[in-house]
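Text of target-v4.csv (CSV, C-alpha atoms) as supplied:
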chain,number,residue,atom,x,y,z
A,149,MET,CA,-78.5,141.0,21.9
A,150,PHE,CA,-75.6,140.5,19.5
A,151,ARG,CA,-76.5,138.3,16.5
A,152,PHE,CA,-76.0,137.9,12.8
A,153,ARG,CA,-78.7,138.4,10.2
A,154,SER,CA,-80.6,135.2,9.5
A,155,LYS,CA,-81.1,135.9,5.8
A,156,VAL,CA,-79.8,138.1,3.0
A,157,GLY,CA,-81.8,141.3,2.4
A,158,MET,CA,-82.0,144.9,3.4
A,159,ALA,CA,-84.7,147.5,4.3
A,160,SER,CA,-86.8,148.4,1.2
A,161,ASN,CA,-85.7,152.1,1.4
A,162,LEU,CA,-82.0,151.5,1.6
A,163,PRO,CA,-81.1,150.5,-2.1
A,164,ASP,CA,-82.2,153.9,-3.4
A,165,TRP,CA,-80.1,155.8,-0.8
A,166,LEU,CA,-77.1,153.5,-1.4
A,167,ASP,CA,-77.4,154.1,-5.1
A,168,LEU,CA,-77.5,157.8,-4.5
A,169,ALA,CA,-74.4,157.7,-2.3
A,170,ARG,CA,-72.5,155.5,-4.9
A,171,GLY,CA,-73.4,157.9,-7.7
A,172,LEU,CA,-72.5,161.1,-5.8
A,173,ALA,CA,-69.2,159.6,-4.6
A,174,ALA,CA,-68.1,158.8,-8.1
A,175,VAL,CA,-69.1,162.3,-9.3
A,176,GLU,CA,-67.2,163.9,-6.4
A,177,VAL,CA,-64.1,162.0,-7.4
A,178,LEU,CA,-64.5,163.3,-11.0
A,179,ILE,CA,-65.0,166.9,-9.8
A,180,PHE,CA,-61.9,166.5,-7.5
A,181,HIS,CA,-59.7,165.2,-10.2
A,182,SER,CA,-60.9,167.8,-12.7
A,183,TYR,CA,-60.1,170.7,-10.4
A,184,GLN,CA,-56.8,169.0,-9.4
A,185,LEU,CA,-55.6,168.7,-12.9
A,186,LEU,CA,-56.7,172.1,-14.1
A,187,PHE,CA,-56.0,174.3,-11.1
A,188,GLU,CA,-53.4,172.2,-9.1
A,189,GLU,CA,-55.8,172.4,-6.1
A,190,GLN,CA,-54.9,176.1,-5.8
A,191,LEU,CA,-57.1,179.0,-4.9
A,192,PRO,CA,-57.1,182.5,-6.5
A,193,GLY,CA,-54.6,185.0,-5.1
A,194,ALA,CA,-54.9,188.6,-4.0
A,195,THR,CA,-54.7,189.9,-7.6
A,196,ASN,CA,-58.1,188.3,-8.5
A,197,ASP,CA,-61.4,190.0,-8.1
A,198,GLY,CA,-63.6,189.3,-5.1
A,199,PRO,CA,-66.4,187.4,-7.0
A,200,ILE,CA,-63.8,185.1,-8.7
A,201,VAL,CA,-62.2,184.3,-5.3
A,202,LEU,CA,-65.7,183.5,-3.9
A,203,VAL,CA,-66.7,181.3,-6.8
A,204,TYR,CA,-63.5,179.3,-6.9
A,205,SER,CA,-63.4,179.0,-3.1
A,206,VAL,CA,-66.8,177.3,-3.3
A,207,ILE,CA,-65.7,175.0,-6.1
A,208,TRP,CA,-62.5,174.2,-4.2
A,209,ALA,CA,-64.5,173.3,-1.1
A,210,LEU,CA,-66.9,171.2,-3.1
A,211,SER,CA,-64.1,169.3,-4.9
A,212,GLY,CA,-61.9,168.7,-2.0
A,213,HIS,CA,-63.5,165.5,-0.8
A,214,GLY,CA,-62.3,163.1,-3.4
A,215,VAL,CA,-60.5,160.8,-0.9
A,216,ALA,CA,-63.5,160.8,1.4
A,217,ALA,CA,-65.7,159.8,-1.6
A,218,VAL,CA,-63.4,156.8,-2.2
A,219,ILE,CA,-63.7,155.8,1.5
A,220,VAL,CA,-67.5,156.0,1.2
A,221,PHE,CA,-67.2,153.7,-1.8
A,222,PHE,CA,-65.2,151.2,0.2
A,223,VAL,CA,-67.7,151.1,3.0
A,224,LEU,CA,-70.6,150.7,0.6
A,225,SER,CA,-68.8,148.0,-1.3
A,226,GLY,CA,-68.1,146.1,2.0
A,227,TYR,CA,-71.8,146.5,2.9
A,228,LEU,CA,-73.1,145.3,-0.4
A,229,VAL,CA,-70.6,142.5,-1.0
A,230,GLY,CA,-68.9,141.5,2.2
A,231,GLY,CA,-72.0,141.7,4.4
A,232,PRO,CA,-74.1,139.3,2.2
A,233,ALA,CA,-71.1,137.0,2.0
A,234,LEU,CA,-70.9,136.8,5.8
A,235,VAL,CA,-74.6,136.0,6.1
A,236,ARG,CA,-74.5,133.4,3.3
A,237,ALA,CA,-71.5,131.7,4.8
A,238,LYS,CA,-73.2,131.5,8.2
A,239,ASN,CA,-76.2,129.8,6.5
A,240,GLY,CA,-74.1,127.5,4.4
A,241,GLU,CA,-75.2,129.2,1.2
A,242,LEU,CA,-72.0,130.9,0.1
A,243,ASN,CA,-71.0,129.3,-3.3
A,244,ALA,CA,-67.5,130.0,-4.7
A,245,ILE,CA,-68.6,129.8,-8.3
A,246,ASP,CA,-71.4,132.3,-7.8
A,247,TYR,CA,-69.4,134.6,-5.7
A,248,PHE,CA,-66.2,134.8,-7.8
A,249,SER,CA,-68.0,134.9,-11.2
A,250,ALA,CA,-69.9,137.9,-10.0
A,251,ARG,CA,-66.9,139.6,-8.6
A,252,ALA,CA,-64.5,138.9,-11.5
A,253,SER,CA,-66.9,139.9,-14.2
A,254,ARG,CA,-67.9,143.0,-12.3
A,255,LEU,CA,-64.3,144.2,-11.9
A,256,TYR,CA,-62.2,143.1,-14.8
A,257,VAL,CA,-64.9,143.5,-17.6
A,258,VAL,CA,-64.5,147.1,-16.7
A,259,LEU,CA,-60.9,147.4,-15.5
A,260,LEU,CA,-59.1,145.7,-18.4
A,261,PRO,CA,-60.8,147.9,-21.1
A,262,ALA,CA,-60.2,150.9,-18.9
A,263,LEU,CA,-56.5,150.2,-18.9
A,264,ALA,CA,-56.4,149.8,-22.6
A,265,VAL,CA,-58.3,153.0,-23.2
A,266,SER,CA,-56.2,154.8,-20.7
A,267,LEU,CA,-53.0,153.7,-22.5
A,268,LEU,CA,-54.4,155.0,-25.8
A,269,PHE,CA,-55.2,158.4,-24.3
A,270,TYR,CA,-51.8,158.5,-22.6
A,271,LEU,CA,-50.0,157.8,-25.8
A,272,LEU,CA,-52.1,160.5,-27.6
A,273,ALA,CA,-51.3,163.0,-24.8
A,274,THR,CA,-47.6,162.3,-24.9
A,275,GLN,CA,-47.5,163.1,-28.6
A,276,SER,CA,-48.7,166.6,-28.0
A,277,ASP,CA,-46.2,169.4,-27.9
A,278,LYS,CA,-48.0,170.5,-24.7
A,279,TRP,CA,-47.2,167.3,-22.8
A,280,GLN,CA,-43.9,168.5,-21.3
A,281,PRO,CA,-45.3,171.8,-20.0
A,282,PHE,CA,-48.2,170.0,-18.5
A,283,VAL,CA,-46.1,167.3,-16.8
A,284,ALA,CA,-43.6,170.0,-15.5
A,285,SER,CA,-46.5,171.7,-13.8
A,286,HIS,CA,-47.9,168.5,-12.2
A,287,GLN,CA,-45.1,167.2,-10.0
A,288,TYR,CA,-47.0,164.1,-8.9
A,289,LEU,CA,-47.2,163.0,-12.6
A,290,LEU,CA,-43.5,163.7,-13.0
A,291,ALA,CA,-42.7,161.6,-9.8
A,292,ALA,CA,-44.8,158.7,-11.2
A,293,SER,CA,-42.4,158.4,-14.2
A,294,GLY,CA,-39.7,157.4,-11.7
A,295,LEU,CA,-41.1,153.9,-11.9
A,296,PHE,CA,-39.4,153.6,-15.3
A,297,SER,CA,-36.0,155.0,-14.2
A,298,SER,CA,-35.6,153.6,-10.7
A,299,SER,CA,-34.5,150.0,-10.1
A,300,VAL,CA,-37.4,147.7,-9.2
A,301,SER,CA,-36.9,144.5,-7.3
A,302,PRO,CA,-38.6,141.3,-8.4
A,303,ALA,CA,-40.8,141.5,-5.3
A,304,ALA,CA,-41.9,145.1,-6.1
A,305,ALA,CA,-42.6,144.1,-9.7
A,306,LEU,CA,-44.8,141.2,-8.5
A,307,CYS,CA,-46.8,143.5,-6.3
A,308,ASN,CA,-47.1,146.1,-9.1
A,309,GLY,CA,-48.5,143.5,-11.4
A,310,LEU,CA,-50.9,141.8,-9.0
A,311,PHE,CA,-52.3,145.1,-7.6
A,312,LEU,CA,-52.1,147.0,-10.9
A,313,GLN,CA,-49.7,149.4,-9.2
A,314,THR,CA,-47.9,150.4,-12.4
A,315,ILE,CA,-47.4,153.6,-14.3
A,316,ALA,CA,-50.9,152.8,-15.6
A,317,CYS,CA,-52.4,153.7,-12.3
A,318,SER,CA,-50.0,156.4,-11.2
A,319,THR,CA,-50.0,158.6,-14.3
A,320,TYR,CA,-52.9,158.1,-16.6
A,321,ALA,CA,-55.4,155.5,-15.4
A,322,GLY,CA,-57.1,157.1,-12.4
A,323,ASN,CA,-54.6,157.0,-9.5
A,324,LEU,CA,-56.6,156.6,-6.3
A,325,ALA,CA,-59.9,155.8,-8.1
A,326,LEU,CA,-58.6,152.9,-10.3
A,327,TRP,CA,-56.2,151.8,-7.6
A,328,SER,CA,-59.2,151.3,-5.2
A,329,LEU,CA,-61.1,149.3,-7.8
A,330,SER,CA,-58.1,147.0,-8.5
A,331,ASN,CA,-57.6,146.5,-4.8
A,332,GLU,CA,-61.1,145.3,-4.3
A,333,PHE,CA,-60.8,142.0,-6.0
A,334,TRP,CA,-58.2,141.0,-3.4
A,335,TYR,CA,-60.6,142.1,-0.7
A,336,TYR,CA,-63.3,139.9,-2.2
A,337,VAL,CA,-60.9,137.0,-2.2
A,338,LEU,CA,-59.7,137.7,1.4
A,339,ILE,CA,-63.2,138.0,2.9
A,340,PHE,CA,-64.3,134.8,1.1
A,341,ALA,CA,-61.3,133.0,2.4
A,342,LEU,CA,-61.9,134.3,6.0
A,343,VAL,CA,-65.5,133.3,6.1
A,344,SER,CA,-64.9,129.9,4.4
A,345,VAL,CA,-61.8,128.8,6.4
A,346,GLY,CA,-64.0,127.1,9.1
A,347,LYS,CA,-65.2,124.5,6.6
A,348,ARG,CA,-62.2,124.4,4.3
A,349,PRO,CA,-58.9,125.0,6.1
A,350,ALA,CA,-57.1,125.1,2.8
A,351,TRP,CA,-58.3,128.8,2.5
A,352,ILE,CA,-55.7,129.6,5.2
A,353,LEU,CA,-53.1,129.4,2.4
A,354,ALA,CA,-55.0,132.1,0.4
A,355,ILE,CA,-55.2,134.3,3.6
A,356,VAL,CA,-51.5,134.0,4.3
A,357,ALA,CA,-50.6,134.6,0.6
A,358,ILE,CA,-52.7,137.8,0.4
A,359,LEU,CA,-51.4,139.2,3.8
A,360,ALA,CA,-47.9,138.3,2.6
A,361,LEU,CA,-48.5,140.4,-0.5
A,362,PHE,CA,-49.5,143.3,1.7
A,363,VAL,CA,-46.2,143.0,3.6
A,364,VAL,CA,-44.1,142.6,0.5
A,365,ALA,CA,-45.9,145.7,-1.1
A,366,GLU,CA,-45.0,147.7,2.1
A,367,ARG,CA,-41.4,146.6,2.1
A,368,ALA,CA,-41.0,147.2,-1.6
A,369,ASP,CA,-42.5,150.7,-1.4
A,370,VAL,CA,-39.3,152.7,-1.9
A,371,ARG,CA,-41.2,156.1,-2.2
A,372,GLY,CA,-42.6,155.9,1.3
A,373,TYR,CA,-46.3,155.9,0.4
A,374,HIS,CA,-47.0,153.0,2.7
A,375,THR,CA,-48.7,151.1,-0.1
A,376,GLY,CA,-48.9,147.7,1.6
A,377,LEU,CA,-50.1,149.3,4.9
A,378,LYS,CA,-52.9,151.1,3.1
A,379,PHE,CA,-54.0,147.9,1.3
A,380,ALA,CA,-54.6,146.3,4.8
A,381,PHE,CA,-56.0,149.5,6.3
A,382,TYR,CA,-58.5,150.0,3.5
A,383,PHE,CA,-59.6,146.3,3.9
A,384,LEU,CA,-60.4,147.1,7.5
A,385,ILE,CA,-62.5,150.0,6.4
A,386,TRP,CA,-64.2,147.8,3.8
A,387,CYS,CA,-65.0,145.3,6.6
A,388,VAL,CA,-66.8,148.2,8.5
A,389,GLY,CA,-69.5,148.1,5.9
A,390,ALA,CA,-69.6,144.3,6.0
A,391,LEU,CA,-70.2,144.2,9.7
A,392,VAL,CA,-72.8,146.9,9.6
A,393,TYR,CA,-74.7,144.7,7.2
A,394,ALA,CA,-74.2,141.4,8.9
A,395,VAL,CA,-74.6,142.3,12.6
A,396,VAL,CA,-77.9,143.0,14.2
A,397,LEU,CA,-77.9,145.3,17.3
A,398,PRO,CA,-80.3,147.7,18.9
A,399,LEU,CA,-79.9,151.3,17.8
A,400,ARG,CA,-78.6,152.5,21.2
A,401,MET,CA,-75.9,149.9,21.0
A,402,TRP,CA,-74.8,151.0,17.5
A,403,LEU,CA,-74.8,154.6,18.7
A,404,LEU,CA,-72.7,153.7,21.7
A,405,GLY,CA,-70.2,151.8,19.5
A,406,LEU,CA,-70.0,154.7,17.1
A,407,LEU,CA,-69.3,157.2,19.9
A,408,ILE,CA,-66.6,155.0,21.5
A,409,SER,CA,-65.0,154.5,18.1
A,410,LEU,CA,-64.9,158.2,17.3
A,411,ALA,CA,-63.5,159.0,20.8
A,412,GLY,CA,-60.9,156.3,20.4
A,413,ILE,CA,-59.8,157.7,17.0
A,414,TYR,CA,-59.5,161.2,18.5
A,415,ILE,CA,-57.5,160.0,21.5
A,416,LEU,CA,-55.1,157.9,19.4
A,417,GLN,CA,-54.5,160.8,17.0
A,418,ALA,CA,-54.0,163.3,19.9
A,419,LYS,CA,-51.4,161.0,21.4
A,420,SER,CA,-49.7,160.7,17.9
A,421,LEU,CA,-50.4,156.9,17.9
A,422,LEU,CA,-52.5,157.2,14.7
A,423,PRO,CA,-51.5,159.2,11.5
A,424,GLY,CA,-53.7,162.1,10.5
A,425,TRP,CA,-54.7,160.4,7.2
A,426,ALA,CA,-55.7,157.2,9.0
A,427,ALA,CA,-57.8,159.1,11.6
A,428,TYR,CA,-59.6,161.0,8.8
A,429,HIS,CA,-60.3,157.9,6.8
A,430,LEU,CA,-61.6,156.0,9.9
A,431,THR,CA,-63.8,158.9,10.8
A,432,VAL,CA,-65.4,159.1,7.3
A,433,SER,CA,-65.9,155.3,7.4
A,434,MET,CA,-67.6,155.5,10.8
A,435,LEU,CA,-69.9,158.3,9.8
A,436,THR,CA,-70.8,156.5,6.5
A,437,ALA,CA,-71.7,153.4,8.5
A,438,ALA,CA,-73.8,155.6,10.9
A,439,ALA,CA,-75.6,157.1,8.0
A,440,ILE,CA,-76.5,153.7,6.6
A,441,LEU,CA,-77.8,152.6,10.0
A,442,GLY,CA,-79.7,155.8,10.5
A,443,ILE,CA,-81.5,155.4,7.2
A,444,GLU,CA,-82.3,151.7,7.9
A,445,PHE,CA,-83.7,152.4,11.4
A,446,THR,CA,-85.8,155.5,10.3
A,447,ARG,CA,-87.1,153.9,7.1
A,448,LEU,CA,-86.8,157.3,5.5
A,449,SER,CA,-87.4,157.1,1.7
A,450,LEU,CA,-85.4,158.8,-0.9
A,451,PRO,CA,-87.2,162.0,-2.2
A,452,SER,CA,-88.3,161.6,-5.8
A,453,SER,CA,-86.5,164.8,-6.7
A,454,LEU,CA,-83.2,162.9,-6.2
A,455,TYR,CA,-84.0,159.9,-8.4
A,456,PHE,CA,-81.9,161.4,-11.2
A,457,ALA,CA,-78.8,161.3,-9.1
A,458,ARG,CA,-79.6,157.8,-7.9
A,459,ASP,CA,-79.5,156.5,-11.5
A,460,ILE,CA,-75.8,157.6,-11.9
A,461,ALA,CA,-75.0,154.5,-9.7
A,462,LYS,CA,-75.7,152.3,-12.7
A,463,TRP,CA,-72.5,153.5,-14.4
A,464,SER,CA,-70.6,154.9,-11.4
A,465,PHE,CA,-68.1,152.0,-11.6
A,466,SER,CA,-67.3,153.0,-15.2
A,467,LEU,CA,-67.0,156.6,-14.1
A,468,TYR,CA,-64.3,155.6,-11.5
A,469,ALA,CA,-62.4,153.6,-14.1
A,470,ILE,CA,-62.4,155.9,-17.1
A,471,HIS,CA,-62.6,159.5,-16.1
A,472,TYR,CA,-59.0,160.2,-15.2
A,473,PRO,CA,-57.3,159.5,-18.6
A,474,ILE,CA,-60.0,161.6,-20.2
A,475,LEU,CA,-59.3,164.5,-17.9
A,476,VAL,CA,-55.5,164.2,-18.4
A,477,PHE,CA,-56.0,164.2,-22.2
A,478,LEU,CA,-58.3,167.2,-22.2
A,479,ASN,CA,-55.9,169.2,-19.9
A,480,VAL,CA,-53.0,168.5,-22.2
A,481,SER,CA,-54.8,169.2,-25.5
A,482,ILE,CA,-56.9,172.2,-24.3
A,483,ALA,CA,-55.5,173.6,-21.1
A,484,ALA,CA,-51.8,172.8,-20.7
A,485,GLU,CA,-50.4,175.8,-18.9
A,486,LYS,CA,-53.7,177.7,-18.7
A,487,ARG,CA,-54.5,177.8,-15.0
A,488,GLU,CA,-55.8,181.4,-14.6
A,489,PHE,CA,-58.8,181.9,-12.5
A,490,THR,CA,-61.4,183.3,-14.9
A,491,ILE,CA,-65.0,182.6,-16.0
A,492,GLY,CA,-63.5,181.0,-19.1
A,493,SER,CA,-61.4,178.6,-17.0
A,494,LEU,CA,-64.5,177.8,-15.0
A,495,ALA,CA,-66.4,177.0,-18.1
A,496,LEU,CA,-63.5,174.8,-19.2
A,497,ASP,CA,-63.6,172.9,-15.9
A,498,VAL,CA,-67.3,172.3,-16.3
A,499,LEU,CA,-66.7,171.1,-19.9
A,500,PHE,CA,-64.1,168.6,-18.6
A,501,ILE,CA,-66.6,167.3,-16.0
A,502,LEU,CA,-69.3,166.8,-18.7
A,503,CYS,CA,-66.9,165.1,-21.0
A,504,GLY,CA,-65.9,162.7,-18.2
A,505,LEU,CA,-69.6,161.9,-17.4
A,506,LEU,CA,-70.4,161.3,-21.1
A,507,ALA,CA,-67.3,159.1,-21.6
A,508,ALA,CA,-68.2,157.0,-18.5
A,509,PHE,CA,-71.8,156.6,-19.8
A,510,ILE,CA,-70.5,155.4,-23.2
A,511,PHE,CA,-68.0,153.1,-21.4
A,512,TYR,CA,-70.9,151.7,-19.4
A,513,LEU,CA,-72.9,150.9,-22.5
A,514,LEU,CA,-69.9,149.3,-24.2
A,515,PHE,CA,-68.7,147.2,-21.3
A,516,GLU,CA,-70.2,147.4,-17.9
A,517,ARG,CA,-73.8,146.6,-18.7
A,518,HIS,CA,-72.7,143.2,-20.2
A,519,THR,CA,-71.2,141.9,-16.9
A,520,ASP,CA,-74.2,139.7,-16.2
A,521,ALA,CA,-73.7,138.0,-19.6
A,522,VAL,CA,-70.0,137.6,-18.9
A,523,ARG,CA,-70.8,136.1,-15.5
A,524,ALA,CA,-73.1,133.6,-17.0
A,525,ARG,CA,-70.4,132.6,-19.6
A,526,LEU,CA,-67.8,132.2,-16.8
A,527,ARG,CA,-70.1,129.9,-14.9
A,528,THR,CA,-70.8,127.9,-18.0
A,529,VAL,CA,-67.1,127.5,-18.8
A,530,ILE,CA,-66.4,126.1,-15.4
A,531,GLY,CA,-69.2,123.5,-15.9
A,532,LYS,CA,-72.1,124.9,-14.0
A,533,ARG,CA,-75.4,125.8,-15.5
A,534,PRO,CA,-76.3,129.5,-15.0
A,535,SER,CA,-79.1,130.0,-12.5
A,536,LYS,CA,-81.2,133.0,-11.8
A,537,PRO,CA,-79.2,135.6,-9.9
A,538,ARG,CA,-80.2,135.9,-6.2
A,539,MET,CA,-80.3,139.3,-4.6
A,540,GLU,CA,-78.0,140.7,-7.4
A,541,LYS,CA,-78.6,144.2,-6.1
A,542,SER,CA,-76.9,143.2,-2.8
A,543,LEU,CA,-73.9,142.0,-4.7
A,544,ALA,CA,-73.2,144.8,-7.0
A,545,PRO,CA,-70.5,147.3,-5.7
Any chance you could give the structure as structure tokens?
Amino acid sequence: MFRFRSKVGMASNLPDWLDLARGLAAVEVLIFHSYQLLFEEQLPGATNDGPIVLVYSVIWALSGHGVAAVIVFFVLSGYLVGGPALVRAKNGELNAIDYFSARASRLYVVLLPALAVSLLFYLLATQSDKWQPFVASHQYLLAASGLFSSSVSPAAALCNGLFLQTIACSTYAGNLALWSLSNEFWYYVLIFALVSVGKRPAWILAIVAILALFVVAERADVRGYHTGLKFAFYFLIWCVGALVYAVVLPLRMWLLGLLISLAGIYILQAKSLLPGWAAYHLTVSMLTAAAILGIEFTRLSLPSSLYFARDIAKWSFSLYAIHYPILVFLNVSIAAEKREFTIGSLALDVLFILCGLLAAFIFYLLFERHTDAVRARLRTVIGKRPSKPRMEKSLAP
């Protein structure tokens, strides 16, 4: 009854739905950060009119799922990358050059320019006379600057460099969104090492090294954010998507497993054996996996009216990487201390969102759409002739 897929592939209706989910998840993170930076995640008070309270309550409810959107992104990435890797490894078709050239070009062709552009916007923002009022009203930005003033051990510095956990991520380069993208490369390496260790035991060294980095990151986390623990925890969530792709089970077995998992999460949280944030993230990941399975089993096609949202997935990766510094810069230069709940502020928030979308699209045109060419050059440099990409849609996070 339990078996692995025999070949790489997915139901013909799934790619459109997955693209829709990827695009909407990225837009949700953009909306969440826009509201967070402009309104401090606050709601109108008793002094505001009823219609204003209603409008902003709806917007707050819509924008309050940024973390859940990132978890959806992790599950989808595990499904599209980790799952095919498991199947290819089982069939003896997992090639290190193909795998890592795709992953490295996909990530760092976008992330390195994103860090450079983020630094530029950060420097421009700090030169504004509105920078200090803005930072003073955003305590998490003020706390992030502690990385410069507090003593950092060599171990913490190593982890910051390897995981991009620097002021670049904390203050101006996308916090959770860019942090999740930078983590992913290590997840790609770890899943490759895990599925390859049977044939090449030398990969055990890579597994131990990456797990050791998780431990060092946790011990060096002086601010109590459980950075290292979350690295490992999100990898487990990433693997949920990989297993949903690679494992073949009857629908009733999947449903039973889902119900048992959700019940276990609830019991562990009720007994205080699982933190609230972990229970929430696991629940979102389980429901995302269930949605993927439901669409696969029902063969339901994406309505044509939603094709426009599906197309956002082409540049959703750039949207994750570049939107936050744009929002910070716009808040400093235009909004600063203006956080009143009015129609004008609502229009300003919409303007920020549109600017973030436009900037991400331009970023995609400049960098992300060239990843296939970069991948081919990487493979050429290491001495292998480029071949036609196989199932590239299944590999693109």
Write out as a VMD selection string the residues lying within 9 Å of region 460-470 of chain A, counting only C-alpha atoms and excluding same-chain residues fewer than 5 positions away.
chain A and resid 166 to 175 177 to 178 255 258 to 259 262 to 263 265 to 266 321 to 322 325 to 326 329 504 to 505 507 to 513 515 to 517 545
Could you name the residues that touch Phe222 (chain A) at 9 Å or less, counting all atoms listed in the file, but leaving out those on the same chain fewer than 6 positions away, as a list in words?
Ser328, Glu332, Tyr382, Phe383, Ile385, Trp386, Cys387, Val388, Gly389, Ser433 and Pro545 of chain A
Any chance you can output those residues with C-alpha atoms as a PDB file, keeping the file's coordinate frame?
ATOM      1  CA  SER A 328     -59.200 151.300  -5.200  1.00  0.00           C
ATOM      2  CA  GLU A 332     -61.100 145.300  -4.300  1.00  0.00           C
ATOM      3  CA  TYR A 382     -58.500 150.000   3.500  1.00  0.00           C
ATOM      4  CA  PHE A 383     -59.600 146.300   3.900  1.00  0.00           C
ATOM      5  CA  ILE A 385     -62.500 150.000   6.400  1.00  0.00           C
ATOM      6  CA  TRP A 386     -64.200 147.800   3.800  1.00  0.00           C
ATOM      7  CA  CYS A 387     -65.000 145.300   6.600  1.00  0.00           C
ATOM      8  CA  VAL A 388     -66.800 148.200   8.500  1.00  0.00           C
ATOM      9  CA  GLY A 389     -69.500 148.100   5.900  1.00  0.00           C
ATOM     10  CA  SER A 433     -65.900 155.300   7.400  1.00  0.00           C
ATOM     11  CA  PRO A 545     -70.500 147.300  -5.700  1.00  0.00           C
TER      12      PRO A 545
END
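Residues lying at most 10 Å from (-65.1, 137.3, 0.8) in file coordinates, with only C-alpha atoms considered, are Gly226, Val229, Gly230, Gly231, Pro232, Ala233, Leu234, Ala237, Leu242, Ala244, Tyr247, Phe248, Arg251, Phe333, Trp334, Tyr335, Tyr336, Val337, Leu338, Ile339, Phe340, Ala341, Leu342, Val343, Ser344, Cys387 and Ala390 of chain A.
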Using all atoms listed in the file, the best pick from A:Leu514, A:Ile501, A:Val206, A:Ile179 as closest to Pro192 (chain A) would be A:Val206
Here is a test: counting only C-alpha atoms, which residue of A:Ser330, A:Gln190, A:Ser452, A:Ser225 is nearest to Thr436 (chain A)?
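Under the stated criterion, the closest residue is A:Ser225.
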Would you mind listing what lies within 12 Å of Val432 (chain A) as number ranges by chain, with only C-alpha atoms counted and same-chain residues fewer than 4 positions away left out?
A: 213-224, 385-386, 388-389, 406, 409-410, 413, 425-428, 436-439
What does the distance between CA of Asn161 (chain A) and CA of Leu450 (chain A) come to in Å, to one decimal place?
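Straight-line distance from CA of Asn161 (chain A) to CA of Leu450 (chain A) works out to 7.1 Å.
CA of Asn331 (chain A) is positioned 24.7 Å from CA of Gly346 (chain A).
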Have a look at A:Leu407, A:Leu191, A:Ile474, A:Val235 and name the one nearest to Trp208 (chain A); count all atoms listed in the file.
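Counting all atoms listed in the file, the residue closest to Trp208 (chain A) is A:Leu191.
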Gap from CA of Ser481 (chain A) to CA of Phe269 (chain A) - Å, one decimal:
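Interatomic distance, CA of Ser481 (chain A) to CA of Phe269 (chain A): 10.9 Å.
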Non-local contacts of region 493-499 of chain A (10 Å; only C-alpha atoms; under 2 positions in same chain excluded) as a list in words:
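Close residues of region 493-499 of chain A: Ile179, Ser182, Tyr183, Leu185, Leu186, Phe187, Ile200, Val203, Tyr204, Ile207, Leu475, Leu478, Asn479, Ile482, Ala483, Lys486, Arg487, Glu488, Phe489, Thr490, Ile491, Ile501, Leu502, Cys503, Gly504 and Leu505 of chain A.
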Which one is closest to Leu506 (chain A): A:His471, A:Lys378, A:Asn239, A:Pro281? Count all atoms listed in the file.
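Looking only at the distances to Leu506 (chain A), the closest residue turns out to be A:His471.
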